[in-house]
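**Student:** Sharing target-v6.cif (mmCIF, C-alpha atoms) below.
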data_coords
#
loop_
_atom_site.group_PDB
_atom_site.id
_atom_site.type_symbol
_atom_site.label_atom_id
_atom_site.label_comp_id
_atom_site.auth_asym_id
_atom_site.auth_seq_id
_atom_site.Cartn_x
_atom_site.Cartn_y
_atom_site.Cartn_z
ATOM 1 C CA MET A 192 0.000 0.000 0.000
ATOM 2 C CA LYS A 193 1.342 3.426 -0.947
ATOM 3 C CA ILE A 194 0.977 6.253 1.560
ATOM 4 C CA GLN A 195 -0.640 9.383 0.132
ATOM 5 C CA ASN A 196 -0.653 12.988 1.317
ATOM 6 C CA ASN A 197 -3.660 14.367 3.226
ATOM 7 C CA GLN A 198 -5.234 10.940 3.746
ATOM 8 C CA GLU A 199 -6.593 9.202 6.842
ATOM 9 C CA TYR A 200 -5.654 5.613 7.635
ATOM 10 C CA ILE A 201 -7.443 3.726 10.426
ATOM 11 C CA GLU A 202 -6.186 0.376 11.709
ATOM 12 C CA GLU A 203 -4.167 -0.169 8.541
ATOM 13 C CA SER A 204 -1.006 -2.278 8.387
ATOM 14 C CA PHE A 205 2.138 -0.730 6.959
ATOM 15 C CA ASP A 206 4.420 -3.419 8.368
ATOM 16 C CA LYS A 207 7.722 -3.688 6.465
ATOM 17 C CA ILE A 208 6.728 -0.908 4.068
ATOM 18 C CA ILE A 209 9.690 0.753 2.351
ATOM 19 C CA PHE A 210 9.185 4.509 2.454
ATOM 20 C CA SER A 211 12.797 5.602 2.428
ATOM 21 C CA VAL A 212 13.573 9.068 1.000
ATOM 22 C CA GLU A 213 9.843 9.780 0.529
ATOM 23 C CA LYS A 214 7.686 12.714 1.705
ATOM 24 C CA ILE A 215 4.321 12.769 3.483
ATOM 25 C CA LYS A 216 2.228 15.830 4.342
ATOM 26 C CA GLY A 217 -0.989 16.182 6.320
ATOM 27 C CA SER A 218 -1.913 12.502 6.701
ATOM 28 C CA ARG A 219 -3.496 10.861 9.781
ATOM 29 C CA PHE A 220 -2.706 7.384 11.098
ATOM 30 C CA VAL A 221 -5.016 5.980 13.789
ATOM 31 C CA LYS A 222 -4.100 2.681 15.476
ATOM 32 C CA CYS A 223 -1.962 1.675 12.516
ATOM 33 C CA SER A 224 0.892 -0.837 12.546
ATOM 34 C CA LEU A 225 4.226 0.306 11.123
ATOM 35 C CA LYS A 226 6.369 -2.479 12.556
ATOM 36 C CA HIS A 227 9.700 -3.016 10.747
ATOM 37 C CA ALA A 228 8.808 -0.193 8.321
ATOM 38 C CA ASN A 229 11.665 1.669 6.630
ATOM 39 C CA PHE A 230 11.210 5.453 6.876
ATOM 40 C CA SER A 231 14.911 6.285 6.729
ATOM 41 C CA GLU A 232 15.685 9.727 5.261
ATOM 42 C CA SER A 233 11.972 10.421 4.784
ATOM 43 C CA GLN A 234 10.350 13.825 5.428
ATOM 44 C CA ILE A 235 7.092 13.786 7.413
ATOM 45 C CA THR A 236 5.336 17.146 7.822
ATOM 46 C CA GLY A 237 2.078 18.019 9.588
ATOM 47 C CA CYS A 238 1.048 14.392 10.138
ATOM 48 C CA TYR A 239 -0.780 12.788 13.071
ATOM 49 C CA PHE A 240 -0.126 9.319 14.517
ATOM 50 C CA PHE A 241 -2.420 8.029 17.284
ATOM 51 C CA GLU A 242 -1.743 4.766 19.145
ATOM 52 C CA CYS A 243 0.440 3.489 16.305
ATOM 53 C CA ASP A 244 2.955 0.653 16.721
ATOM 54 C CA ILE A 245 6.336 1.699 15.329
ATOM 55 C CA THR A 246 8.227 -1.260 16.783
ATOM 56 C CA GLU A 247 11.660 -1.944 15.225
ATOM 57 C CA ALA A 248 11.032 0.531 12.412
ATOM 58 C CA ASN A 249 13.939 2.333 10.741
ATOM 59 C CA LEU A 250 13.663 6.104 11.187
ATOM 60 C CA ASN A 251 17.356 6.822 10.700
ATOM 61 C CA SER A 252 17.999 10.363 9.402
ATOM 62 C CA ALA A 253 14.251 10.961 8.938
ATOM 63 C CA ILE A 254 12.864 14.472 9.466
ATOM 64 C CA TYR A 255 9.577 14.939 11.335
ATOM 65 C CA GLU A 256 8.200 18.468 11.487
ATOM 66 C CA ASN A 257 5.013 19.703 13.212
ATOM 67 C CA THR A 258 3.955 16.066 13.537
ATOM 68 C CA ALA A 259 2.184 14.394 16.480
ATOM 69 C CA PHE A 260 2.819 10.909 17.842
ATOM 70 C CA ILE A 261 0.219 10.384 20.574
ATOM 71 C CA ASN A 262 0.473 7.213 22.699
ATOM 72 C CA CYS A 263 2.650 5.506 20.074
ATOM 73 C CA ARG A 264 5.108 2.653 20.671
ATOM 74 C CA PHE A 265 8.760 3.050 19.646
ATOM 75 C CA ILE A 266 10.204 -0.299 20.741
ATOM 76 C CA GLY A 267 13.646 -1.118 19.315
ATOM 77 C CA THR A 268 13.126 1.693 16.817
ATOM 78 C CA LYS A 269 16.176 3.039 14.993
ATOM 79 C CA LEU A 270 16.413 6.799 15.452
ATOM 80 C CA PHE A 271 20.045 7.435 14.491
ATOM 81 C CA GLY A 272 20.284 11.000 13.202
ATOM 82 C CA ALA A 273 16.493 11.494 13.211
ATOM 83 C CA SER A 274 15.089 15.015 13.627
ATOM 84 C CA PHE A 275 11.902 15.925 15.503
ATOM 85 C CA ILE A 276 11.081 19.589 14.938
ATOM 86 C CA GLN A 277 8.197 21.071 16.961
ATOM 87 C CA CYS A 278 6.634 17.623 17.362
ATOM 88 C CA LYS A 279 4.137 16.418 19.953
ATOM 89 C CA MET A 280 5.127 13.030 21.439
ATOM 90 C CA THR A 281 2.683 12.942 24.359
ATOM 91 C CA GLY A 282 2.316 9.577 26.078
ATOM 92 C CA SER A 283 4.530 7.675 23.644
ATOM 93 C CA ILE A 284 6.772 4.807 24.803
ATOM 94 C CA PHE A 285 10.458 4.605 23.862
ATOM 95 C CA GLU A 286 12.315 1.387 24.732
ATOM 96 C CA ASP A 287 15.604 -0.042 23.456
ATOM 97 C CA ILE A 288 16.005 2.787 20.961
ATOM 98 C CA ASP A 289 19.188 4.131 19.385
ATOM 99 C CA PRO A 290 18.948 7.936 19.743
ATOM 100 C CA VAL A 291 22.574 8.713 18.802
ATOM 101 C CA GLY A 292 22.679 11.929 16.805
ATOM 102 C CA ILE A 293 18.979 12.638 17.374
ATOM 103 C CA THR A 294 17.824 16.263 17.013
ATOM 104 C CA ILE A 295 14.886 17.500 19.093
ATOM 105 C CA SER A 296 13.863 21.088 18.419
ATOM 106 C CA GLU A 297 11.216 22.416 20.818
ATOM 107 C CA GLY A 298 8.078 20.262 21.028
ATOM 108 C CA ASP A 299 6.027 18.464 23.679
ATOM 109 C CA TRP A 300 7.351 15.160 25.097
ATOM 110 C CA SER A 301 5.206 15.224 28.226
ATOM 111 C CA TYR A 302 3.897 12.006 29.803
ATOM 112 C CA ALA A 303 6.156 9.930 27.529
ATOM 113 C CA SER A 304 8.170 6.955 28.801
ATOM 114 C CA MET A 305 11.867 7.257 27.924
ATOM 115 C CA ARG A 306 13.466 5.120 30.632
ATOM 116 C CA HIS A 307 17.226 4.531 30.289
ATOM 117 C CA CYS A 308 17.534 6.585 27.071
ATOM 118 C CA ASP A 309 21.047 7.769 26.275
ATOM 119 C CA LEU A 310 20.616 11.456 25.482
ATOM 120 C CA ARG A 311 24.135 12.626 26.266
ATOM 121 C CA LYS A 312 25.356 15.816 24.553
ATOM 122 C CA THR A 313 21.896 16.442 23.073
ATOM 123 C CA ASN A 314 20.357 19.906 22.743
ATOM 124 C CA LEU A 315 17.048 19.682 24.616
ATOM 125 C CA THR A 316 16.453 23.374 25.262
ATOM 126 C CA ASN A 317 12.817 24.487 25.643
ATOM 127 C CA ILE A 318 11.466 20.909 25.493
ATOM 128 C CA ASN A 319 8.346 20.066 27.505
ATOM 129 C CA PHE A 320 9.063 16.986 29.652
ATOM 130 C CA ILE A 321 6.221 17.465 32.163
ATOM 131 C CA GLU A 322 5.656 14.197 34.080
ATOM 132 C CA THR A 323 7.813 12.293 31.590
ATOM 133 C CA ASP A 324 9.374 9.043 32.811
ATOM 134 C CA LEU A 325 13.114 9.705 32.452
ATOM 135 C CA TYR A 326 14.254 7.058 34.933
ATOM 136 C CA GLY A 327 17.929 6.197 34.476
ATOM 137 C CA CYS A 328 18.432 8.481 31.453
ATOM 138 C CA ASN A 329 21.916 9.704 30.581
ATOM 139 C CA PHE A 330 21.951 13.498 30.190
ATOM 140 C CA THR A 331 25.736 13.879 30.462
ATOM 141 C CA GLU A 332 26.764 17.248 28.951
ATOM 142 C CA THR A 333 23.208 17.739 27.668
ATOM 143 C CA ASP A 334 21.797 21.251 27.199
ATOM 144 C CA LEU A 335 18.445 21.401 29.038
ATOM 145 C CA ARG A 336 18.195 25.154 29.461
ATOM 146 C CA ASP A 337 14.596 26.369 29.820
ATOM 147 C CA ALA A 338 13.210 22.825 29.498
ATOM 148 C CA ASP A 339 10.144 21.971 31.607
ATOM 149 C CA LEU A 340 10.924 18.934 33.781
ATOM 150 C CA SER A 341 8.115 19.544 36.255
ATOM 151 C CA ARG A 342 7.138 16.369 38.135
ATOM 152 C CA ALA A 343 9.256 14.220 35.796
ATOM 153 C CA ILE A 344 10.597 10.890 37.070
ATOM 154 C CA LEU A 345 14.362 11.342 37.259
ATOM 155 C CA ASP A 346 15.533 8.651 39.699
ATOM 156 C CA GLN A 347 19.004 7.330 38.732
ATOM 157 C CA ALA A 348 19.299 9.912 35.930
ATOM 158 C CA ASN A 349 22.774 11.254 35.177
ATOM 159 C CA PHE A 350 23.097 15.018 34.612
ATOM 160 C CA ARG A 351 26.882 15.123 34.918
ATOM 161 C CA ASN A 352 28.143 18.429 33.420
ATOM 162 C CA ALA A 353 24.674 19.165 31.987
ATOM 163 C CA ASP A 354 23.285 22.708 31.697
ATOM 164 C CA LEU A 355 19.950 23.012 33.534
ATOM 165 C CA ARG A 356 19.806 26.786 33.930
ATOM 166 C CA GLY A 357 16.269 28.091 33.548
ATOM 167 C CA ALA A 358 14.743 24.599 33.490
ATOM 168 C CA LYS A 359 11.669 23.977 35.646
ATOM 169 C CA ILE A 360 12.394 21.253 38.206
ATOM 170 C CA GLU A 361 9.483 21.659 40.597
ATOM 171 C CA GLY A 362 8.025 18.465 42.030
ATOM 172 C CA ILE A 363 11.139 16.363 41.283
ATOM 173 C CA ASP A 364 12.858 14.075 43.774
ATOM 174 C CA LEU A 365 16.521 15.067 43.361
ATOM 175 C CA ARG A 366 17.924 12.769 46.045
ATOM 176 C CA ASN A 367 18.840 10.013 43.582
ATOM 177 C CA VAL A 368 19.995 12.198 40.689
ATOM 178 C CA ASN A 369 23.645 12.702 39.668
ATOM 179 C CA LEU A 370 24.178 16.446 39.288
ATOM 180 C CA LYS A 371 27.953 16.468 39.582
ATOM 181 C CA GLY A 372 29.324 19.365 37.544
ATOM 182 C CA ALA A 373 25.840 20.409 36.374
ATOM 183 C CA LYS A 374 25.117 24.105 35.887
ATOM 184 C CA LEU A 375 22.202 25.309 38.043
ATOM 185 C CA ASP A 376 20.694 28.739 38.575
ATOM 186 C CA ILE A 377 20.043 30.130 42.072
ATOM 187 C CA ALA A 378 16.414 28.960 42.272
ATOM 188 C CA GLN A 379 17.392 25.430 41.238
ATOM 189 C CA ALA A 380 20.249 25.350 43.738
ATOM 190 C CA ILE A 381 17.772 26.175 46.510
ATOM 191 C CA ILE A 382 15.427 23.374 45.405
ATOM 192 C CA PHE A 383 18.380 20.971 45.313
ATOM 193 C CA ALA A 384 19.516 21.987 48.796
ATOM 194 C CA GLU A 385 16.001 21.655 50.220
ATOM 195 C CA SER A 386 15.571 18.213 48.667
ATOM 196 C CA HIS A 387 18.614 17.110 50.684
ATOM 197 C CA GLY A 388 17.216 18.423 53.943
ATOM 198 C CA ALA A 389 18.825 21.858 54.061
ATOM 199 C CA VAL A 390 16.936 24.835 55.449
ATOM 200 C CA VAL A 391 17.460 27.822 53.164
ATOM 201 C CA ILE A 392 17.075 31.134 55.014
#
Written as structure tokens, that's how I'd like the structure from this file.
**Tutor:**
Amino acid sequence: MKIQNNQEYIEESFDKIIFSVEKIKGSRFVKCSLKHANFSESQITGCYFFECDITEANLNSAIYENTAFINCRFIGTKLFGASFIQCKMTGSIFEDIDPVGITISEGDWSYASMRHCDLRKTNLTNINFIETDLYGCNFTETDLRDADLSRAILDQANFRNADLRGAKIEGIDLRNVNLKGAKLDIAQAIIFAESHGAVVI
């Protein structure tokens, strides 16, 4: 089946489809299966994916712009060099992914599950991570300035030498977070001290 622009697909199977170096605009995918699909180097603009299964698909070097992935499954998905520009990823699950070289420009990643993702040296400025599960993620030398991490799960996360200035960290348990060498602003430093039992006067 060939994917067309500005079309709606409901509960369709695109398993193993080869869509490399193709372009899609304005299409909707509702509860579709895209397992083992090849979208490498494709350009997806203004599309909407709802509860789609993108397990073990190849999204290497693909560009997604103004596209929504709501409650989708990215299990074992290849994301090497992929770009997500102003995308909405709310509630999606990421497991066993390869995010090396990934580009995330703005966008909403709230309520997603990204446990143990390796996001070291990534630019994540201005990203919305409200209540996102970031358990055990590696943010070493990552730029998180002005990101919203409110009430995110950050146990065992590594922020070594990361830049968190201006990021919202309210409602986070910082007792089991590695912040060695991380850059914090004054308000964040107070929250960190209070989370470790200090009384700031």
**Student:** CA of Gly372 in chain A to CA of Ala384 in chain A: how many Å, to one decimal?
**Tutor:**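 Calculated distance between CA of Gly372 in chain A and CA of Ala384 in chain A is 15.2 Å.
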**Student:** Name the residues that the PyMOL selection byres ((chain A and resi 260) around 8) picks from the file above, as a list in words, using the file's chain letters and numbers.
**Tutor:**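 When the PyMOL selection byres ((chain A and resi 260) around 8) is applied to the shown file, the picked residues are Tyr239, Phe240, Phe241, Glu242, Cys243, Thr258, Ala259, Ile261, Asn262, Cys263, Cys278, Lys279, Met280, Thr281 and Ser283 of chain A.
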**Student:** For CA of Ser304 in chain A and CA of Phe230 in chain A, determine how far apart the two atoms are, in Å to one decimal place.
**Tutor:** 22.2 Å
**Student:** Could you list, as an mmCIF file with C-alpha atoms, keeping the file's coordinate frame, every residue within 8 Å of range 271-273 of chain A, counting all atoms listed in the file and ignoring same-chain residues fewer than 5 positions away?
**Tutor:**
data_model
loop_
_atom_site.group_PDB
_atom_site.id
_atom_site.type_symbol
_atom_site.label_atom_id
_atom_site.label_comp_id
_atom_site.auth_asym_id
_atom_site.auth_seq_id
_atom_site.Cartn_x
_atom_site.Cartn_y
_atom_site.Cartn_z
ATOM 1 C CA LEU A 250 13.663 6.104 11.187
ATOM 2 C CA ASN A 251 17.356 6.822 10.700
ATOM 3 C CA SER A 252 17.999 10.363 9.402
ATOM 4 C CA ALA A 253 14.251 10.961 8.938
ATOM 5 C CA ILE A 254 12.864 14.472 9.466
ATOM 6 C CA TYR A 255 9.577 14.939 11.335
ATOM 7 C CA ASP A 289 19.188 4.131 19.385
ATOM 8 C CA PRO A 290 18.948 7.936 19.743
ATOM 9 C CA VAL A 291 22.574 8.713 18.802
ATOM 10 C CA GLY A 292 22.679 11.929 16.805
ATOM 11 C CA ILE A 293 18.979 12.638 17.374
ATOM 12 C CA THR A 294 17.824 16.263 17.013
#
**Student:** Box for range 281-285 of chain A: with edges along x, y and z, all listed atoms inside and 8 Å added on each side, what are the centre and edge lengths in Å to one decimal, as lines of an AutoDock Vina configuration file?
**Tutor:**
center_x = 6.4
center_y = 8.8
center_z = 24.9
size_x = 24.1
size_y = 24.3
size_z = 18.4
**Student:** Can you give me, as a list in words, the residues this file yields under the PyMOL selection byres ((chain A and resi 286) around 9)?
**Tutor:**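 So the PyMOL selection byres ((chain A and resi 286) around 9), applied here, picks out Arg264, Phe265, Ile266, Gly267, Thr268, Ile284, Phe285, Asp287, Ile288, Ser304, Met305, Arg306, His307 and Cys308 of chain A.
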**Student:** Can you spell out as an NGL selection string the set of residues that the PyMOL selection byres ((chain A and resi 363-368) around 12) selects in the structure I just provided?
**Tutor:** :A and (320-331 or 339-351 or 358-362 or 369-371 or 373 or 379-388)
**Student:** Compare A:Asn319, A:Ile245, A:Gln198, A:Asp334 by their minimum atom-to-atom distance to Ala303 in chain A, counting all atoms listed in the file, and give me the closest one.
**Tutor:**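 For Ala303 in chain A, the nearest of the candidates is A:Asn319.
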**Student:** Expressed in Å to a single decimal, how great is the separation between CA of Ser224 in chain A and CA of Cys238 in chain A?
**Tutor:**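 Computing it gives 15.4 Å between the two atoms.
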**Student:** For Gln234 in chain A, which of A:Ile276, A:Ala338, A:Leu375, A:Leu315 is the closest residue, counting all atoms listed in the file?
**Tutor:** A:Ile276
**Student:** So that I can see what lies close to Lys207 in chain A, please list as a list of chain:residue names the residues with an atom at most 10 Å from it, counting all atoms listed in the file and leaving out residues fewer than 4 positions away in the same chain.
**Tutor:**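 So, after excluding close chain neighbours, the residues are A:Ser224, A:Leu225, A:Lys226, A:His227, A:Ala228, A:Asn229, A:Phe230, A:Glu247, A:Ala248, A:Asn249.
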**Student:** With distances taken over only C-alpha atoms, which of A:Asp354, A:Glu232, A:Glu297, A:Glu202 is nearest to Lys214 in chain A?
**Tutor:** A:Glu232
**Student:** With all atoms listed in the file as the atoms that count, which of A:Ser211, A:Ser301, A:Thr313, A:Ser296 lies nearest to Ser231 in chain A?
**Tutor:**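 Comparing A:Ser211, A:Ser301, A:Thr313, A:Ser296 against Ser231 in chain A, the winner is A:Ser211.
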**Student:** For Asn314 in chain A, work out the shell of residues within 9 Å, counting only C-alpha atoms and skipping chain neighbours fewer than 2 positions away, then give it as a list of chain:residue names.
**Tutor:**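 In the requested form, the answer reads A:Thr294, A:Ile295, A:Ser296, A:Leu310, A:Arg311, A:Lys312, A:Thr316, A:Thr333, A:Asp334, A:Leu335, A:Arg336.
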**Student:** Between A:Thr246, A:Thr236, A:Asn352, A:Gln277, which is the closest to Lys216 in chain A once you count all atoms listed in the file?
**Tutor:**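 The answer is A:Thr236, which sits nearest to Lys216 in chain A.
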**Student:** For a quick check of understanding, using all atoms listed in the file, which of A:Ile215, A:Ile377, A:Leu270, A:Cys223 has the smallest distance to Glu203 in chain A?
**Tutor:**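 That would be A:Cys223, the residue with the smallest distance to Glu203 in chain A.
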